[in-house]
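S.K.: So here's upload_25.csv, just CSV, C-alpha atoms:
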chain,number,residue,atom,x,y,z
A,1,MET,CA,-27.6,-0.7,27.7
A,2,GLU,CA,-31.2,0.2,27.0
A,3,ASN,CA,-32.5,3.7,26.3
A,4,GLN,CA,-29.1,5.3,26.3
A,5,ASN,CA,-29.7,7.2,23.1
A,6,GLY,CA,-31.8,9.7,25.0
A,7,GLU,CA,-34.7,10.0,22.7
A,8,ASN,CA,-38.3,10.5,23.6
A,9,LEU,CA,-40.0,7.5,21.9
A,10,GLU,CA,-43.6,8.7,22.5
A,11,GLN,CA,-42.9,12.1,21.1
A,12,LEU,CA,-41.2,10.6,18.1
A,13,LEU,CA,-44.0,8.1,17.4
A,14,GLY,CA,-46.5,10.9,18.0
A,15,LYS,CA,-45.4,12.4,14.7
A,16,PHE,CA,-46.9,9.4,12.9
A,17,GLN,CA,-49.7,8.2,15.2
A,18,ASP,CA,-52.2,9.6,17.6
A,19,ALA,CA,-51.2,10.0,21.2
A,20,GLU,CA,-52.8,6.8,22.4
A,21,GLN,CA,-51.3,4.7,19.7
A,22,ALA,CA,-47.9,6.4,20.1
A,23,ARG,CA,-47.9,5.7,23.9
A,24,LYS,CA,-48.8,2.0,23.3
A,25,ALA,CA,-46.2,1.6,20.5
A,26,ALA,CA,-43.5,3.2,22.7
A,27,ASP,CA,-44.4,0.8,25.5
A,28,GLU,CA,-44.2,-2.2,23.2
A,29,ILE,CA,-40.9,-1.1,21.9
A,30,LYS,CA,-39.5,-0.7,25.4
A,31,GLN,CA,-40.9,-4.2,26.4
A,32,GLY,CA,-39.4,-5.7,23.3
A,33,GLU,CA,-36.0,-4.2,23.9
A,34,LYS,CA,-36.0,-5.5,27.5
A,35,LEU,CA,-35.9,-9.0,26.0
A,36,PHE,CA,-32.3,-8.3,24.9
A,37,ALA,CA,-31.4,-7.1,28.4
A,38,LEU,CA,-32.9,-10.2,29.9
A,39,HIS,CA,-31.1,-12.5,27.5
A,40,PRO,CA,-27.6,-11.0,27.2
A,41,ALA,CA,-25.4,-12.2,24.4
A,42,PRO,CA,-22.2,-13.9,25.5
A,43,GLU,CA,-19.2,-11.7,25.9
A,44,PRO,CA,-16.0,-12.2,23.9
A,45,ASP,CA,-13.3,-14.3,25.4
A,46,GLU,CA,-10.4,-12.4,27.1
A,47,ARG,CA,-7.9,-14.3,25.0
A,48,LEU,CA,-9.7,-13.2,21.9
A,49,ILE,CA,-9.5,-9.6,22.9
A,50,ALA,CA,-5.8,-10.0,23.9
A,51,SER,CA,-5.2,-11.7,20.5
A,52,ILE,CA,-6.8,-8.8,18.6
A,53,LYS,CA,-4.8,-6.2,20.5
A,54,GLU,CA,-1.6,-8.1,19.8
A,55,ARG,CA,-2.4,-8.3,16.1
A,56,ILE,CA,-3.2,-4.6,16.0
A,57,ALA,CA,0.1,-3.8,17.8
A,58,MET,CA,2.0,-5.9,15.2
A,59,ARG,CA,0.2,-4.1,12.4
A,60,LEU,CA,1.0,-0.7,13.9
A,61,SER,CA,4.7,-1.5,14.3
A,62,GLY,CA,4.8,-2.9,10.8
A,63,SER,CA,3.2,0.2,9.4
A,64,LYS,CA,5.7,2.4,11.4
A,65,ALA,CA,8.6,0.4,9.9
A,66,ALA,CA,7.1,0.7,6.5
A,67,GLY,CA,6.8,4.5,7.1
A,68,TYR,CA,10.4,4.8,8.1
A,69,LYS,CA,11.4,2.8,5.0
A,70,ALA,CA,9.3,5.0,2.8
A,71,LYS,CA,10.9,8.1,4.3
A,72,ALA,CA,14.4,6.7,3.7
A,73,TYR,CA,13.5,6.0,0.1
A,74,LYS,CA,12.2,9.5,-0.3
A,75,ILE,CA,15.4,11.0,1.2
A,76,ALA,CA,17.5,8.8,-1.0
A,77,ALA,CA,15.5,9.8,-4.1
A,78,VAL,CA,15.8,13.5,-3.2
A,79,ALA,CA,19.6,13.1,-2.6
A,80,ALA,CA,20.0,11.4,-6.0
A,81,VAL,CA,18.1,14.2,-7.7
A,82,ILE,CA,20.3,16.8,-6.0
A,83,VAL,CA,23.5,15.0,-7.0
A,84,VAL,CA,22.4,14.7,-10.6
A,85,LEU,CA,21.3,18.3,-10.8
A,86,SER,CA,24.7,19.4,-9.2
A,87,TRP,CA,26.6,17.4,-11.7
A,88,VAL,CA,24.6,18.7,-14.7
A,89,GLY,CA,25.0,22.3,-13.3
A,90,LEU,CA,28.8,21.8,-12.9
A,91,GLN,CA,29.1,20.5,-16.4
A,92,PHE,CA,27.1,23.5,-17.7
A,93,PHE,CA,29.3,25.9,-15.7
A,94,GLU,CA,32.5,24.3,-16.9
A,95,GLN,CA,31.4,24.6,-20.5
A,96,SER,CA,30.5,28.2,-20.2
A,97,ARG,CA,33.9,29.0,-18.4
A,98,PRO,CA,36.6,30.5,-20.9
A,99,GLY,CA,39.6,28.8,-19.2
A,100,PRO,CA,39.4,25.3,-20.6
A,101,GLU,CA,38.8,26.6,-24.1
A,102,ILE,CA,42.1,28.5,-24.1
A,103,GLU,CA,43.8,25.4,-22.8
A,104,ARG,CA,42.3,23.3,-25.6
A,105,THR,CA,43.4,26.0,-28.1
A,106,THR,CA,46.9,25.9,-26.7
A,107,VAL,CA,47.1,22.1,-27.2
A,108,ALA,CA,45.8,22.4,-30.7
A,109,GLU,CA,48.2,25.1,-31.6
A,110,SER,CA,51.2,23.3,-30.1
A,111,SER,CA,50.4,20.1,-32.0
A,112,HIS,CA,50.0,22.2,-35.2
A,113,ARG,CA,53.3,23.8,-34.5
A,114,THR,CA,55.0,20.4,-34.1
A,115,TRP,CA,53.7,19.2,-37.4
A,116,SER,CA,54.3,22.5,-39.2
A,117,GLY,CA,58.1,22.2,-38.3
A,118,TRP,CA,58.2,19.4,-40.9
A,119,ASP,CA,59.3,20.7,-44.3
A,120,GLU,CA,58.0,18.4,-47.0
A,121,THR,CA,59.9,19.9,-49.9
A,122,GLU,CA,63.2,19.5,-48.1
A,123,ALA,CA,62.4,15.9,-47.2
A,124,ASP,CA,61.5,15.1,-50.8
A,125,ALA,CA,64.8,16.5,-52.0
A,126,GLU,CA,66.8,14.4,-49.5
A,127,LEU,CA,64.9,11.3,-50.5
A,128,ALA,CA,65.6,11.9,-54.2
A,129,ASP,CA,69.3,12.3,-53.4
A,130,LEU,CA,69.3,8.9,-51.6
A,131,ALA,CA,67.5,7.2,-54.4
A,132,GLU,CA,70.0,8.6,-56.9
A,133,GLU,CA,72.9,7.4,-54.8
A,134,ILE,CA,71.4,4.0,-54.5
A,135,ASP,CA,70.9,3.8,-58.3
A,136,ARG,CA,74.6,4.8,-58.8
A,137,ILE,CA,75.8,2.1,-56.4
A,138,GLU,CA,73.6,-0.5,-58.1
A,139,GLY,CA,75.2,0.5,-61.4
A,140,SER,CA,78.7,0.2,-60.0
A,141,ILE,CA,77.9,-3.3,-58.5
A,142,LEU,CA,76.5,-4.4,-61.9
A,143,ALA,CA,79.6,-3.1,-63.7
A,144,LEU,CA,81.9,-4.9,-61.2
A,145,ARG,CA,80.0,-8.1,-61.8
A,146,LEU,CA,80.3,-7.8,-65.5
A,147,GLY,CA,84.0,-6.8,-65.3
A,148,GLU,CA,83.4,-3.7,-67.3
A,149,GLN,CA,85.7,-1.5,-65.2
A,150,ASP,CA,89.2,-1.9,-63.9
A,151,SER,CA,89.0,-4.2,-61.0
A,152,VAL,CA,92.5,-5.4,-61.0
A,153,ASN,CA,93.7,-3.0,-58.3
A,154,GLY,CA,90.3,-3.2,-56.6
A,155,THR,CA,89.6,0.5,-56.6
A,156,VAL,CA,86.0,0.1,-57.5
A,157,LEU,CA,85.3,-2.1,-54.5
A,158,VAL,CA,87.0,0.5,-52.3
A,159,ASP,CA,84.9,3.2,-53.8
A,160,ILE,CA,81.7,1.3,-53.3
A,161,GLU,CA,82.6,0.5,-49.7
A,162,THR,CA,83.4,4.2,-49.0
A,163,GLU,CA,80.1,5.3,-50.6
A,164,MET,CA,78.1,2.7,-48.5
A,165,VAL,CA,79.7,4.1,-45.3
A,166,GLU,CA,78.9,7.6,-46.3
A,167,ILE,CA,75.2,6.8,-47.2
A,168,ASP,CA,74.8,4.9,-43.9
A,169,ASN,CA,76.2,7.9,-41.9
A,170,PHE,CA,74.0,10.3,-43.9
A,171,PHE,CA,70.9,8.2,-43.4
A,172,TRP,CA,71.3,8.0,-39.6
A,173,LYS,CA,72.3,11.5,-39.1
A,174,GLY,CA,69.3,12.7,-41.0
B,1,MET,CA,-19.1,4.2,28.2
B,2,ASP,CA,-16.7,7.1,27.6
B,3,THR,CA,-17.9,10.6,27.2
B,4,THR,CA,-17.8,12.2,23.8
B,5,GLU,CA,-14.7,14.2,24.8
B,6,ASN,CA,-12.9,11.1,25.9
B,7,LEU,CA,-13.9,9.3,22.8
B,8,SER,CA,-12.6,12.1,20.7
B,9,GLU,CA,-9.2,11.9,22.4
B,10,ILE,CA,-9.1,8.1,21.9
B,11,ILE,CA,-9.9,8.5,18.2
B,12,ALA,CA,-7.3,11.2,17.9
B,13,GLY,CA,-4.8,8.8,19.5
B,14,CYS,CA,-5.9,6.1,17.0
B,15,LYS,CA,-5.3,8.4,14.1
B,16,ASP,CA,-1.8,9.1,15.6
B,17,ARG,CA,-1.3,5.3,15.4
B,18,GLN,CA,-1.0,4.9,19.2
B,19,ASN,CA,-1.4,1.3,20.3
B,20,GLU,CA,-2.9,2.3,23.7
B,21,ALA,CA,-5.7,4.3,21.9
B,22,PHE,CA,-6.7,1.3,19.9
B,23,SER,CA,-6.5,-0.9,22.9
B,24,HIS,CA,-8.9,1.5,24.7
B,25,LEU,CA,-11.3,1.6,21.8
B,26,ILE,CA,-11.4,-2.2,21.8
B,27,ASP,CA,-12.3,-2.2,25.5
B,28,VAL,CA,-15.1,0.3,24.8
B,29,TYR,CA,-16.7,-1.4,21.9
B,30,ALA,CA,-15.8,-5.1,22.0
B,31,ASN,CA,-18.8,-6.3,24.0
B,32,ARG,CA,-21.3,-4.4,21.9
B,33,LEU,CA,-19.8,-5.5,18.6
B,34,TYR,CA,-19.5,-9.0,19.7
B,35,GLY,CA,-23.1,-9.1,20.8
B,36,TYR,CA,-24.2,-7.5,17.5
B,37,PHE,CA,-22.4,-10.2,15.5
B,38,TYR,CA,-23.5,-13.0,17.8
B,39,ARG,CA,-27.2,-12.0,17.5
B,40,LEU,CA,-26.9,-11.9,13.8
B,41,THR,CA,-25.0,-15.1,13.2
B,42,GLY,CA,-25.8,-17.2,16.3
B,43,LYS,CA,-22.3,-18.6,16.2
B,44,THR,CA,-19.5,-17.8,18.6
B,45,ASP,CA,-16.7,-18.7,16.2
B,46,VAL,CA,-18.1,-16.6,13.4
B,47,SER,CA,-18.6,-13.7,15.8
B,48,GLU,CA,-15.0,-13.9,17.0
B,49,GLU,CA,-13.8,-13.9,13.4
B,50,LEU,CA,-16.0,-10.9,12.5
B,51,LEU,CA,-15.0,-9.0,15.7
B,52,SER,CA,-11.3,-9.4,14.8
B,53,GLU,CA,-12.0,-8.3,11.3
B,54,VAL,CA,-13.9,-5.2,12.3
B,55,PHE,CA,-11.0,-4.0,14.6
B,56,LEU,CA,-8.3,-4.8,12.1
B,57,LYS,CA,-10.4,-2.8,9.5
B,58,LEU,CA,-10.7,0.0,12.0
B,59,VAL,CA,-6.9,0.3,12.1
B,60,GLU,CA,-6.8,0.4,8.3
B,61,LYS,CA,-9.7,2.9,8.0
B,62,ILE,CA,-9.5,5.2,11.0
B,63,ASP,CA,-8.1,8.1,8.9
B,64,SER,CA,-11.3,8.1,6.8
B,65,TYR,CA,-13.4,8.9,9.9
B,66,ARG,CA,-13.8,12.7,9.8
B,67,ASP,CA,-16.6,13.8,12.1
B,68,GLY,CA,-20.1,12.9,13.1
B,69,SER,CA,-21.1,10.0,15.2
B,70,PHE,CA,-18.3,7.5,15.6
B,71,ASP,CA,-20.8,4.9,16.6
B,72,ILE,CA,-22.6,5.2,13.3
B,73,TRP,CA,-19.3,5.0,11.4
B,74,LEU,CA,-18.2,1.9,13.4
B,75,PHE,CA,-21.5,0.0,13.2
B,76,ARG,CA,-21.8,0.8,9.5
B,77,MET,CA,-18.4,-0.8,9.0
B,78,ALA,CA,-19.6,-3.8,11.2
B,79,THR,CA,-22.7,-4.1,9.1
B,80,ASN,CA,-20.7,-4.1,5.9
B,81,ILE,CA,-18.4,-6.8,7.3
B,82,PHE,CA,-21.4,-8.9,8.3
B,83,ARG,CA,-23.0,-8.5,4.8
B,84,ASP,CA,-19.7,-9.6,3.2
B,85,TYR,CA,-19.8,-12.7,5.4
B,86,LEU,CA,-23.4,-13.3,4.3
B,87,ARG,CA,-22.5,-13.0,0.7
B,88,ALA,CA,-19.6,-15.4,1.2
B,89,ARG,CA,-22.0,-17.8,2.8
B,90,GLN,CA,-24.4,-17.5,-0.1
B,91,ARG,CA,-21.6,-18.3,-2.5
B,92,GLU,CA,-20.7,-21.3,-0.4
B,93,LYS,CA,-24.3,-22.4,-0.5
B,94,LYS,CA,-24.5,-22.1,-4.2
B,95,PHE,CA,-21.3,-24.0,-4.6
B,96,LEU,CA,-22.5,-26.8,-2.4
B,97,ALA,CA,-25.8,-26.9,-4.4
B,98,TRP,CA,-23.9,-27.0,-7.6
B,99,LYS,CA,-21.8,-29.9,-6.3
B,100,GLY,CA,-25.1,-31.7,-5.7
B,101,GLN,CA,-24.2,-32.6,-2.2
B,102,GLN,CA,-26.7,-33.0,0.6
B,103,MET,CA,-24.8,-30.6,2.8
B,104,LEU,CA,-26.9,-27.5,2.8
B,105,THR,CA,-27.1,-27.7,6.5
B,106,SER,CA,-23.4,-26.7,6.7
B,107,SER,CA,-24.2,-23.4,5.1
B,108,ARG,CA,-27.1,-22.6,7.4
B,109,PRO,CA,-26.4,-21.0,10.8
B,110,GLY,CA,-24.6,-24.2,11.6
B,111,PRO,CA,-24.7,-26.9,14.3
B,112,ARG,CA,-25.5,-25.3,17.6
B,113,THR,CA,-23.3,-25.5,20.5
B,114,ALA,CA,-24.6,-26.0,24.0
B,115,ASP,CA,-24.3,-22.2,24.6
B,116,ASP,CA,-26.2,-21.4,21.5
B,117,THR,CA,-29.2,-23.6,22.2
B,118,ALA,CA,-29.4,-22.3,25.8
B,119,ASP,CA,-30.2,-18.9,24.4
B,120,ASN,CA,-33.9,-18.8,23.7
B,121,LEU,CA,-33.8,-15.3,22.3
B,122,GLN,CA,-31.4,-16.3,19.6
B,123,GLY,CA,-33.6,-19.1,18.4
B,124,HIS,CA,-36.6,-16.8,18.0
B,125,LEU,CA,-34.6,-14.0,16.4
B,126,GLU,CA,-33.7,-16.4,13.6
B,127,LYS,CA,-37.4,-16.8,12.9
B,128,LEU,CA,-37.6,-13.1,11.9
B,129,ASP,CA,-36.7,-12.0,8.4
B,130,ASP,CA,-33.1,-10.8,7.8
B,131,GLU,CA,-33.9,-7.1,7.6
B,132,THR,CA,-36.0,-7.0,10.8
B,133,ARG,CA,-33.5,-9.1,12.7
B,134,GLU,CA,-30.7,-6.8,11.6
B,135,LEU,CA,-32.7,-3.7,12.6
B,136,LEU,CA,-33.5,-5.0,16.1
B,137,VAL,CA,-29.9,-6.1,16.8
B,138,MET,CA,-28.6,-2.8,15.4
B,139,ARG,CA,-30.9,-0.8,17.6
B,140,TYR,CA,-30.0,-2.6,20.8
B,141,TYR,CA,-26.2,-3.1,20.4
B,142,SER,CA,-25.3,0.1,18.6
B,143,GLN,CA,-27.4,2.2,21.0
B,144,LEU,CA,-28.1,4.5,18.2
B,145,SER,CA,-31.3,6.6,18.1
B,146,PHE,CA,-34.0,5.8,15.5
B,147,LYS,CA,-33.0,9.0,13.8
B,148,GLN,CA,-29.3,7.8,13.5
B,149,ILE,CA,-30.4,4.4,12.3
B,150,ALA,CA,-32.6,5.9,9.7
B,151,GLN,CA,-29.7,8.1,8.6
B,152,MET,CA,-27.3,5.2,8.5
B,153,ARG,CA,-29.7,3.0,6.4
B,154,SER,CA,-30.9,5.9,4.3
B,155,GLN,CA,-34.5,5.1,5.1
B,156,PRO,CA,-37.3,7.4,6.4
B,157,ILE,CA,-37.5,7.4,10.2
B,158,GLY,CA,-41.2,6.4,10.1
B,159,THR,CA,-40.2,3.2,8.2
B,160,VAL,CA,-37.5,2.3,10.7
B,161,LEU,CA,-39.8,2.9,13.6
B,162,SER,CA,-42.6,0.8,12.1
B,163,LYS,CA,-40.2,-2.1,11.3
B,164,VAL,CA,-38.7,-2.1,14.7
B,165,HIS,CA,-42.0,-1.9,16.5
B,166,ARG,CA,-43.5,-4.7,14.5
B,167,GLY,CA,-40.3,-6.8,14.8
B,168,LEU,CA,-40.2,-6.4,18.6
B,169,LYS,CA,-43.9,-7.2,19.0
B,170,LYS,CA,-43.4,-10.4,16.9
B,171,LEU,CA,-40.4,-11.4,19.0
B,172,ARG,CA,-42.3,-10.9,22.2
B,173,GLU,CA,-45.1,-13.1,20.9
B,174,LEU,CA,-42.6,-15.8,19.9
B,175,MET,CA,-41.0,-15.7,23.3
B,176,GLU,CA,-44.3,-15.9,25.1
B,177,GLU,CA,-45.5,-18.9,23.1
The structure in this file should be written as structure tokens.

M.R.:
Amino acid sequence: MENQNGENLEQLLGKFQDAEQARKAADEIKQGEKLFALHPAPEPDERLIASIKERIAMRLSGSKAAGYKAKAYKIAAVAAVIVVLSWVGLQFFEQSRPGPEIERTTVAESSHRTWSGWDETEADAELADLAEEIDRIEGSILALRLGEQDSVNGTVLVDIETEMVEIDNFFWKG
Amino acid sequence: MDTTENLSEIIAGCKDRQNEAFSHLIDVYANRLYGYFYRLTGKTDVSEELLSEVFLKLVEKIDSYRDGSFDIWLFRMATNIFRDYLRARQREKKFLAWKGQQMLTSSRPGPRTADDTADNLQGHLEKLDDETRELLVMRYYSQLSFKQIAQMRSQPIGTVLSKVHRGLKKLRELMEE
């Protein structure tokens, strides 16, 4: 392992010292570095190396899985954005299209027409007739109770009964 | 050691998250990195831990390596990991001191195993100051040139040369005593 960095020590030291000093210093450095070669440090256990490789393999597979997950999330996010944009675009398109407005107008008009068929003046007149008839019948019943009219032959009762039938029919027929 | 071209292919494979490429890189650098950590800490268990850490960090950081010397990049990372370890040890030391326990020995290089004491060089390396020891170990195990080491440490090359020269001279004297 020594002197594999391919540098000329004497030349390098010669920039700072005279030639003799540089030669001596270079020699001392080389001798000193030999001590490391003569006393090599222990080497790492094979099991340690295998364990490190295993941990790295696990970490790499973990990071790949995380990468796939991140990609899936990105794709899902992009898809969601596309769906939302499409929906918004469709809504905008439908609003600007003339068709549905005409349809809505038609519905509004038909409902207006349904309610405009109702004649309020006519209805009031009919209601007033009914109220008048009821008042008249109430008066007849009162007269009968008080015996003010001829009730011997029972004509008043018959009249009232007839009128009630008529009112009933009129009411349901409209 | 692989040629630069082969190394570039391996690194490209690593960047492509290929398990085989990382495996190859471990085979190329494991011994040197382990030796580097062992000579700095003197402990096999710590060296094993730091070696694992540096390779796991490599997986994490490989994309940040652009160009230039891969060895500089890798050993800079190893040095940072070692310094983090030292800082953690300092914190532990302070904590133990604060607790008032007579256990400072546990925060020193630690009880030596039979393998550790058999290594005479290791014992003498520990007598050197931290910076000199780090420089000598870096120089030998990284196989970087003085110019590269100076670049890595942001120091003038003359300073690096002088420190290594003095350190190795001192180490030889200690070994010869």

S.K.: Go through B:Thr132, B:Ser8, B:Ser23, B:Thr44 one by one, measure the shortest atom-to-atom distance of each to A:Ala50 using all atoms listed in the file, and give the residue with the smallest value.

M.R.: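 Between B:Thr132, B:Ser8, B:Ser23, B:Thr44, the residue approaching A:Ala50 most closely is B:Ser23.
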
S.K.: From the set A:His39, A:Arg59, A:Lys53, A:Lys69, which residue has the shortest atom-to-atom contact distance to B:His124, counting only C-alpha atoms?

M.R.: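 Between A:His39, A:Arg59, A:Lys53, A:Lys69, the residue approaching B:His124 most closely is A:His39.
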
S.K.: Residues of chain A within 6 Å of chain B, counting all atoms listed in the file, what are they? List them as an mmCIF file with C-alpha atoms, keeping the file's coordinate frame.

M.R.:
data_model
loop_
_atom_site.group_PDB
_atom_site.id
_atom_site.type_symbol
_atom_site.label_atom_id
_atom_site.label_comp_id
_atom_site.auth_asym_id
_atom_site.auth_seq_id
_atom_site.Cartn_x
_atom_site.Cartn_y
_atom_site.Cartn_z
ATOM 1 C CA ASN A 5 -29.700 7.200 23.100
ATOM 2 C CA ILE A 29 -40.900 -1.100 21.900
ATOM 3 C CA GLY A 32 -39.400 -5.700 23.300
ATOM 4 C CA ALA A 41 -25.400 -12.200 24.400
ATOM 5 C CA GLU A 43 -19.200 -11.700 25.900
ATOM 6 C CA ILE A 52 -6.800 -8.800 18.600
ATOM 7 C CA ALA A 57 0.100 -3.800 17.800
#

S.K.: So how many Å separate atom CA of B:Arg87 and atom CA of B:Arg133, to one decimal?

M.R.: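 Computed distance, atom CA of B:Arg87 to atom CA of B:Arg133, equals 16.7 Å.
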
S.K.: Do you have the atom CA of B:Gly68-atom CA of A:Gly14 distance handy?

M.R.: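 Atom CA of A:Gly14 lies 26.9 Å from atom CA of B:Gly68.
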
S.K.: I'd like the interatomic distance between atom CA of B:Asp84 and atom CA of A:Ser51, to a tenth of an Å.

M.R.: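 According to the coordinates, atom CA of B:Asp84 and atom CA of A:Ser51 are separated by 22.7 Å.
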
S.K.: Between A:Val84, A:Ala79, A:Ala37, A:Met164, which residue has the minimum interatomic distance to A:Glu133, considering only C-alpha atoms?

M.R.: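 Nearest candidate to A:Glu133 out of A:Val84, A:Ala79, A:Ala37, A:Met164: A:Met164.
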
S.K.: Kindly write stretch 5-61 of chain B with C-alpha atoms to a file, as a compact mmCIF listing (two decimals), in the first residue's frame.

M.R.:
# COMPACT_ATOMS: atom_id res chain seq x y z
CA GLU B 5 -12.08 3.79 -15.37
CA ASN B 6 -13.36 0.77 -13.47
CA LEU B 7 -13.98 2.90 -10.42
CA SER B 8 -16.00 5.36 -12.49
CA GLU B 9 -18.16 2.49 -13.75
CA ILE B 10 -18.68 1.22 -10.21
CA ILE B 11 -19.64 4.69 -8.99
CA ALA B 12 -22.04 5.10 -11.91
CA GLY B 13 -23.61 1.77 -10.91
CA CYS B 14 -23.91 2.98 -7.32
CA LYS B 15 -25.65 6.14 -8.48
CA ASP B 16 -27.99 3.87 -10.43
CA ARG B 17 -28.77 2.10 -7.11
CA GLN B 18 -27.23 -1.19 -8.24
CA ASN B 19 -26.59 -3.51 -5.34
CA GLU B 20 -23.64 -5.21 -7.12
CA ALA B 21 -21.90 -1.86 -7.58
CA PHE B 22 -22.09 -1.09 -3.87
CA SER B 23 -20.90 -4.58 -3.10
CA HIS B 24 -17.90 -4.04 -5.36
CA LEU B 25 -17.13 -0.69 -3.78
CA ILE B 26 -17.18 -2.29 -0.33
CA ASP B 27 -14.71 -4.93 -1.50
CA VAL B 28 -12.39 -2.22 -2.82
CA TYR B 29 -12.42 0.09 0.21
CA ALA B 30 -13.38 -1.99 3.28
CA ASN B 31 -9.82 -2.93 4.31
CA ARG B 32 -8.41 0.56 4.00
CA LEU B 33 -11.32 2.20 5.78
CA TYR B 34 -11.29 -0.38 8.53
CA GLY B 35 -7.53 0.11 8.98
CA TYR B 36 -8.06 3.86 9.08
CA PHE B 37 -10.71 3.61 11.82
CA TYR B 38 -8.77 0.99 13.74
CA ARG B 39 -5.60 3.07 13.81
CA LEU B 40 -7.57 6.08 15.00
CA THR B 41 -9.62 4.36 17.69
CA GLY B 42 -7.59 1.27 18.57
CA LYS B 43 -10.82 -0.67 19.02
CA THR B 44 -12.20 -3.35 16.75
CA ASP B 45 -15.83 -2.95 17.85
CA VAL B 46 -15.80 0.81 17.25
CA SER B 47 -14.01 0.33 13.92
CA GLU B 48 -16.69 -2.13 12.84
CA GLU B 49 -19.41 0.30 13.82
CA LEU B 50 -17.77 3.20 12.00
CA LEU B 51 -17.10 1.08 8.91
CA SER B 52 -20.80 0.13 8.72
CA GLU B 53 -21.74 3.76 9.18
CA VAL B 54 -19.48 5.02 6.42
CA PHE B 55 -20.87 2.55 3.87
CA LEU B 56 -24.49 3.22 4.83
CA LYS B 57 -23.76 6.92 4.55
CA LEU B 58 -22.21 6.25 1.17
CA VAL B 59 -25.53 4.81 -0.08
CA GLU B 60 -27.30 7.89 1.18
CA LYS B 61 -24.81 10.43 -0.19
